[in-house]
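Q: Sharing a structure with you now.
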Amino acid sequence: MDQSFLLMLSNLLHLHNSIDPTTSLISSPTSTTTASSASTSTSPTSLLTSSSAAPLLFFTIASVLSYIASSRPSSSSSSSSPSTPAASSSAAAASDYSVSAFRALSTEHIWSLEAPLRDAQWRSLYGLSYPVFTTVVDKLKPHIALSNLSLPSDYAVAMVLSRLAHGFSAKALAARYSLEPYLISKITNMVTRLLATKLYPEFIKIPVSRRRLIETTQAFEELTSLPNMCGAIDGSPIRLHKQNLSGNYKCRYGYNAVQLEVVADHKKIFWDVCVKAPGGTDDATHFRESLLYNRLTSGDIVWDKVINVRGHPVRPYIVGDWCYPLLSFLLTPFSPNGMGTPAQNLFDGMLMKGRSVVVEAIGLLKGRWKILQDLNVGLNHVPQTIVACCVLHNLCQIAREPEPELWKDPEENGIPPRVHDSEKSLYYFGESLRQALADDLHQRLSSR
């Protein structure tokens with residue numbers, strides 16, 4: 001029986017004895033004769049017919065307490081028994097990631113820390129520093145407000161950033177935040193869609209302004225000694241967690257993926273992003289299907305910074321490896337194995353040095369946003385999730401966030417792509433331009 005009930009019953013017995021000693025329910029050990037003589041008066045009948053109201057009051061209260069005690073044994077035993085470690089840890093984890101805990105961290109605790117410690121803690125949770133986080137929230141908040149989301153905007157953004165930064169599945173994040181997995185997926189899709197559409201035009205832009213173009217080409221020339229280089233292009237497969245996919249999703253490394261194509265500047269900031277092809281598509285085909293290719297071939301993008309190299313007008317160009325087609329605006333190496341002339345081999349070395357910025361940029365992207373190492377979202381939401389991570393990457397690079405450890409893709413192997421008939425004039429111009437740049441570079445460096 002419940003110990004608290006026994007204590008209350010004992011107190012009631014003593015109270016009854018003090019009120020009505022003639023009907024005492026507790027026999028005194030020192031007066032056996034009194035107890036025996038009183039045995040007849042302590043029968044149930046005598047208690048009910050007693051002139052005092054105390055016995056009836058006592059049994060009424062005792063009956064109520066007995067009923068209460070007997071009706072809650074399971075609840076009392078379950079509450080008194082220690083909770084399992086799993087349940088305790090789950091409850092503690094849920095409280096750590098509640099709205100109130102997040103609010104305390106972001107509004108009170110965060111400002112009591114020194115800036116380096118504060119930002120390091122925020123990066124460990126959400127992949128970026130607190131100032132960059134507030135920038136993202138401020139830009140997305142008006143759009144999130146239109147969705148009638150029941151959660152605070154900054155809390156929803158933080159939840160999605162933690163998923164992108166650590167690669168959590170919707171189910172794992174739902175357990176952490178005590179929400180349903182479908183709601184986690186819904187919030188993730190909303191935030192990544194807003195990042196990929198509303199913030200993309202602001203943070204991923206082709207360098208067409210003269211000031212930015214001069215800054216970019218000068219920085220690449222300091223790195224490679226090649227003039228008028230304005231970007232480096234490369235592709236990378238983004239691994240998909242989903243296995244059973246029909247179509248050309250199997251990439252060259254043997255797993256299901258979609259193809260990401262980016263162009264980066266000297267600061268490892270992307271100025272073009274394309275996610276339009278399954279993982280089995282080669283780099284050249286993906287590039288030819290991109291909006292950037294169509295804009296460059298149609299003359300929609302016109303870079304007016306033109307220089308003269310050995311009688312050749314050289315407009316700004318991008319560089320890529322031998323998996324891309326050689327064109328007037330896209331220069332590639334002469335040979336993948338160093339079998340060219342000394343001038344050509346020197347040019348190839350410098351070109352690949354310039355290309356290294358985009359390789360590092362992709363490594364930073366996958367290292368910082370670990371969800372891209374094994375993308376666990378619905379196939380329809382794959383492109384927007386990848387583009388959203390590219391937008392966040394640029395925000396981090398612009399803010400000069402510390403660079404994480406680079407994710408390294410396997411070395412690429414491939415053969416130069418076939419030149420399409422529609423590209424022949426661009427190819428011939430690119431061929432002569434590449435040779436002129438190689439000869440000029442060799443002459444300048446040899447004379448030093």
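Each chain in the structure tokens gets a letter, A, B and so on, in the order shown; residues start at 1 in every chain, and ligands are counted from 1 in the order they appear.
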Identify, with DSSP run on backbone atoms, the residues in segment 175-412 of chain A assigned to strand (DSSP E or B), and express the list as a VMD selection string.

A: chain A and resid 229 to 240 250 256 to 264 270 to 278 307 to 309 312 to 314 317 to 319 327 330 to 331 375

Q: Those same residues - N, CA and C atoms - I'd like them written as a tab-separated table (two decimals), in the first residue's frame.

A:
chain	number	residue	atom	x	y	z
A	229	MET	N	41.47	36.10	-67.34
A	229	MET	CA	40.73	34.95	-66.82
A	229	MET	C	39.74	35.45	-65.77
A	230	CYS	N	38.47	35.06	-65.89
A	230	CYS	CA	37.45	35.58	-64.97
A	230	CYS	C	36.72	34.50	-64.18
A	231	GLY	N	37.11	33.25	-64.35
A	231	GLY	CA	36.43	32.19	-63.60
A	231	GLY	C	36.94	30.82	-63.98
A	232	ALA	N	36.60	29.83	-63.16
A	232	ALA	CA	36.95	28.44	-63.42
A	232	ALA	C	35.71	27.58	-63.26
A	233	ILE	N	35.53	26.64	-64.17
A	233	ILE	CA	34.33	25.80	-64.19
A	233	ILE	C	34.68	24.35	-63.87
A	234	ASP	N	33.78	23.67	-63.18
A	234	ASP	CA	33.96	22.24	-62.93
A	234	ASP	C	32.61	21.65	-62.54
A	235	GLY	N	32.52	20.34	-62.68
A	235	GLY	CA	31.33	19.60	-62.29
A	235	GLY	C	31.65	18.63	-61.17
A	236	SER	N	30.63	18.29	-60.40
A	236	SER	CA	30.81	17.35	-59.30
A	236	SER	C	29.51	16.59	-59.07
A	237	PRO	N	29.56	15.28	-58.94
A	237	PRO	CA	28.34	14.52	-58.63
A	237	PRO	C	27.93	14.71	-57.18
A	238	ILE	N	26.66	14.94	-56.95
A	238	ILE	CA	26.12	15.02	-55.60
A	238	ILE	C	25.41	13.71	-55.30
A	239	ARG	N	25.97	12.99	-54.37
A	239	ARG	CA	25.47	11.65	-54.08
A	239	ARG	C	24.05	11.70	-53.51
A	240	LEU	N	23.20	10.78	-54.01
A	240	LEU	CA	21.82	10.68	-53.54
A	240	LEU	C	21.68	9.51	-52.58
A	250	LYS	N	23.39	6.83	-62.27
A	250	LYS	CA	24.64	6.23	-61.81
A	250	LYS	C	25.82	7.04	-62.35
A	256	ASN	N	24.48	6.54	-57.24
A	256	ASN	CA	23.44	7.42	-57.78
A	256	ASN	C	23.70	8.87	-57.38
A	257	ALA	N	23.55	9.77	-58.34
A	257	ALA	CA	23.88	11.16	-58.09
A	257	ALA	C	23.17	12.06	-59.09
A	258	VAL	N	23.20	13.35	-58.80
A	258	VAL	CA	22.85	14.36	-59.79
A	258	VAL	C	24.11	15.19	-60.02
A	259	GLN	N	24.18	15.83	-61.16
A	259	GLN	CA	25.38	16.54	-61.53
A	259	GLN	C	25.27	18.02	-61.16
A	260	LEU	N	26.27	18.51	-60.45
A	260	LEU	CA	26.38	19.94	-60.11
A	260	LEU	C	27.47	20.57	-60.97
A	261	GLU	N	27.15	21.72	-61.56
A	261	GLU	CA	28.15	22.48	-62.32
A	261	GLU	C	28.23	23.88	-61.74
A	262	VAL	N	29.45	24.33	-61.45
A	262	VAL	CA	29.63	25.66	-60.88
A	262	VAL	C	30.78	26.37	-61.57
A	263	VAL	N	30.71	27.70	-61.55
A	263	VAL	CA	31.82	28.56	-61.97
A	263	VAL	C	32.19	29.42	-60.77
A	264	ALA	N	33.47	29.44	-60.41
A	264	ALA	CA	33.92	30.17	-59.22
A	264	ALA	C	34.95	31.21	-59.60
A	270	PHE	N	30.95	31.28	-55.98
A	270	PHE	CA	30.28	30.83	-57.20
A	270	PHE	C	29.58	32.01	-57.87
A	271	TRP	N	29.80	32.15	-59.18
A	271	TRP	CA	29.01	33.15	-59.90
A	271	TRP	C	28.09	32.52	-60.93
A	272	ASP	N	28.07	31.20	-60.98
A	272	ASP	CA	27.05	30.49	-61.76
A	272	ASP	C	26.91	29.08	-61.18
A	273	VAL	N	25.66	28.62	-61.09
A	273	VAL	CA	25.36	27.28	-60.57
A	273	VAL	C	24.32	26.65	-61.47
A	274	CYS	N	24.52	25.38	-61.81
A	274	CYS	CA	23.56	24.65	-62.64
A	274	CYS	C	23.40	23.23	-62.11
A	275	VAL	N	22.16	22.82	-61.89
A	275	VAL	CA	21.84	21.45	-61.49
A	275	VAL	C	20.70	20.99	-62.40
A	276	LYS	N	21.06	20.42	-63.55
A	276	LYS	CA	20.03	20.07	-64.54
A	276	LYS	C	20.14	18.65	-65.08
A	277	ALA	N	21.12	17.88	-64.59
A	277	ALA	CA	21.35	16.58	-65.22
A	277	ALA	C	21.57	15.50	-64.17
A	278	PRO	N	21.17	14.26	-64.47
A	278	PRO	CA	21.48	13.14	-63.56
A	278	PRO	C	22.97	12.84	-63.56
A	307	ILE	N	41.49	42.82	-74.26
A	307	ILE	CA	42.91	43.12	-74.37
A	307	ILE	C	43.45	42.48	-75.64
A	308	ASN	N	44.63	42.91	-76.05
A	308	ASN	CA	45.25	42.38	-77.26
A	308	ASN	C	46.48	41.56	-76.89
A	309	VAL	N	46.50	40.30	-77.36
A	309	VAL	CA	47.63	39.41	-77.11
A	309	VAL	C	48.10	38.86	-78.45
A	312	HIS	N	45.63	39.09	-81.15
A	312	HIS	CA	44.34	38.45	-80.91
A	312	HIS	C	43.55	39.25	-79.87
A	313	PRO	N	42.33	39.65	-80.19
A	313	PRO	CA	41.48	40.29	-79.17
A	313	PRO	C	41.03	39.25	-78.15
A	314	VAL	N	41.35	39.48	-76.90
A	314	VAL	CA	41.05	38.50	-75.84
A	314	VAL	C	40.02	39.10	-74.90
A	317	TYR	N	37.49	35.14	-70.20
A	317	TYR	CA	37.19	33.73	-70.47
A	317	TYR	C	37.24	32.95	-69.16
A	318	ILE	N	36.66	31.77	-69.20
A	318	ILE	CA	36.74	30.85	-68.07
A	318	ILE	C	37.61	29.67	-68.47
A	319	VAL	N	38.07	28.92	-67.47
A	319	VAL	CA	38.94	27.77	-67.75
A	319	VAL	C	38.32	26.52	-67.14
A	327	LEU	N	36.44	26.36	-76.42
A	327	LEU	CA	35.65	27.37	-77.11
A	327	LEU	C	36.31	28.73	-76.90
A	330	LEU	N	35.86	29.50	-73.30
A	330	LEU	CA	36.21	28.43	-72.37
A	330	LEU	C	37.49	27.75	-72.84
A	331	LEU	N	38.57	28.00	-72.13
A	331	LEU	CA	39.85	27.44	-72.52
A	331	LEU	C	40.17	26.22	-71.67
A	375	LEU	N	22.84	13.10	-50.02
A	375	LEU	CA	21.66	13.95	-50.02
A	375	LEU	C	20.39	13.15	-49.75

Q: Which residues are close to Gly378 of chain A, i.e. within 9 Å by only C-alpha atoms, leaving aside same-chain residues fewer than 4 positions away? Reply as a list in words.

A: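 Residues meeting the cut-off are Ser185, Lys242 and Val382 of chain A.
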
Q: Print the selection's residues with all heavy atoms to a file, as a PDB file, in the first residue's frame.

A:
ATOM      1  N   SER A 185      10.380  17.920 -43.190  1.00  0.00           N
ATOM      2  CA  SER A 185      10.565  17.956 -44.649  1.00  0.00           C
ATOM      3  C   SER A 185       9.896  19.185 -45.251  1.00  0.00           C
ATOM      4  O   SER A 185      10.463  19.845 -46.141  1.00  0.00           O
ATOM      5  CB  SER A 185       9.988  16.684 -45.279  1.00  0.00           C
ATOM      6  OG  SER A 185      10.697  15.543 -44.843  1.00  0.00           O
ATOM      7  N   LYS A 242      18.869   8.046 -51.882  1.00  0.00           N
ATOM      8  CA  LYS A 242      17.903   7.116 -52.466  1.00  0.00           C
ATOM      9  C   LYS A 242      18.613   6.206 -53.453  1.00  0.00           C
ATOM     10  O   LYS A 242      19.359   6.665 -54.320  1.00  0.00           O
ATOM     11  CB  LYS A 242      16.789   7.907 -53.155  1.00  0.00           C
ATOM     12  CG  LYS A 242      15.607   7.062 -53.603  1.00  0.00           C
ATOM     13  CD  LYS A 242      14.505   7.955 -54.168  1.00  0.00           C
ATOM     14  CE  LYS A 242      13.317   7.140 -54.645  1.00  0.00           C
ATOM     15  NZ  LYS A 242      12.645   6.409 -53.571  1.00  0.00           N
ATOM     16  N   VAL A 382      15.785  17.941 -54.775  1.00  0.00           N
ATOM     17  CA  VAL A 382      17.241  17.860 -54.833  1.00  0.00           C
ATOM     18  C   VAL A 382      17.867  19.125 -55.420  1.00  0.00           C
ATOM     19  O   VAL A 382      18.781  19.705 -54.816  1.00  0.00           O
ATOM     20  CB  VAL A 382      17.682  16.601 -55.613  1.00  0.00           C
ATOM     21  CG1 VAL A 382      19.134  16.706 -56.055  1.00  0.00           C
ATOM     22  CG2 VAL A 382      17.487  15.355 -54.753  1.00  0.00           C
TER      23      VAL A 382
END

Q: So which residues of segment 166-221 of chain A fall under helix (DSSP H, G or I) by DSSP, listed as a compact mmCIF listing (two decimals) with C-alpha atoms, in the first residue's frame?

A:
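Everything below was put into selection.txt:
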# COMPACT_ATOMS: atom_id res chain seq x y z
CA HIS A 166 25.22 17.99 -40.35
CA ALA A 170 14.13 14.32 -41.56
CA LYS A 171 13.45 11.47 -39.15
CA ALA A 172 16.56 12.16 -37.06
CA LEU A 173 15.83 15.88 -36.90
CA ALA A 174 12.19 15.22 -36.01
CA ALA A 175 13.31 13.20 -32.98
CA ARG A 176 15.66 15.97 -31.93
CA TYR A 177 13.07 18.75 -32.20
CA PRO A 181 9.16 14.05 -39.94
CA TYR A 182 6.71 15.35 -42.56
CA LEU A 183 6.82 18.78 -40.89
CA ILE A 184 10.63 18.76 -40.91
CA SER A 185 10.56 17.96 -44.65
CA LYS A 186 8.00 20.68 -45.28
CA ILE A 187 10.05 23.32 -43.45
CA THR A 188 13.26 22.18 -45.17
CA ASN A 189 11.64 22.43 -48.59
CA MET A 190 10.27 25.88 -47.85
CA VAL A 191 13.55 27.35 -46.57
CA THR A 192 15.73 25.81 -49.31
CA ARG A 193 13.27 26.97 -51.98
CA LEU A 194 13.46 30.53 -50.65
CA LEU A 195 17.25 30.41 -50.54
CA ALA A 196 17.41 29.06 -54.10
CA THR A 197 14.96 31.59 -55.55
CA LYS A 198 14.87 34.75 -53.44
CA LEU A 199 18.53 34.96 -52.41
CA TYR A 200 20.14 33.44 -55.53
CA PRO A 201 19.97 36.65 -57.65
CA GLU A 202 21.60 38.64 -54.87
CA PHE A 203 24.45 36.31 -54.00
CA ARG A 210 33.57 46.58 -64.97
CA ARG A 211 34.78 47.04 -61.39
CA ARG A 212 34.15 43.42 -60.42
CA LEU A 213 35.49 42.14 -63.73
CA ILE A 214 38.76 44.04 -63.30
CA GLU A 215 39.12 42.83 -59.71
CA THR A 216 38.54 39.21 -60.73
CA THR A 217 40.80 39.15 -63.79
CA GLN A 218 43.62 40.89 -61.94
CA ALA A 219 43.43 38.39 -59.08
CA PHE A 220 43.55 35.44 -61.50
CA GLU A 221 46.49 37.02 -63.34

Q: Taking only C-alpha atoms into account, name the residue in A:Pro207, A:Pro142, A:Gly311, A:Gly167 that is nearest to Leu125 of chain A.

A: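 Of the candidates, the smallest distance to Leu125 of chain A is held by A:Gly167.
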
Q: Just checking: using only C-alpha atoms, which residue out of A:Pro416, A:Asp304, A:Leu326, A:Asn345 ends up closest to Glu431 of chain A?

A: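 Counting only C-alpha atoms, the residue closest to Glu431 of chain A is A:Leu326.
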
Q: Quote the spacing between atom CA of Ile386 of chain A and atom CA of Leu372 of chain A in Å to one decimal place.

A: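 Answer for the atom CA of Ile386 of chain A to atom CA of Leu372 of chain A separation: 7.1 Å.
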
Q: Go through A:Val137, A:Pro316, A:Met339, A:Asp283 and flag the residue nearest Leu161 of chain A, using only C-alpha atoms for the distances.

A: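 Among A:Val137, A:Pro316, A:Met339, A:Asp283, it is A:Val137 that comes nearest to Leu161 of chain A.
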
Q: Between A:Lys139, A:Arg288, A:His393, A:Lys267, which has the minimum distance to Ser422 of chain A (counting only C-alpha atoms)?

A: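 Of the candidates, the smallest distance to Ser422 of chain A is held by A:Arg288.
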
Q: Between atom CA of Ser356 of chain A and atom CA of Ala399 of chain A, what is the distance, to one decimal in Å?

A: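 Going from atom CA of Ser356 of chain A over to atom CA of Ala399 of chain A, I get 21.2 Å.
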
Q: So that I can check the surroundings of segment 341-344 of chain A, please list as a list of chain:residue names every protein, DNA and RNA residue that reaches within 8 Å of it, counting only C-alpha atoms and ignoring chain neighbours fewer than 5 positions away.

A: A:Phe334, A:Gln435, A:Ala438, A:Asp439, A:Leu441, A:His442

Q: Could you please determine the separation between atom CA of Tyr155 of chain A and atom CA of Leu395 of chain A in Å, to one decimal place?

A: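 Distance reported for this atom pair: 19.2 Å.
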
Q: For segment 417-420 of chain A, work out the shell of residues within 7 Å, counting only C-alpha atoms and skipping chain neighbours fewer than 5 positions away, then give it as a list in words.

A: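 Within the cut-off, the hits are Ala284, Cys323, Tyr324 and Pro325 of chain A.
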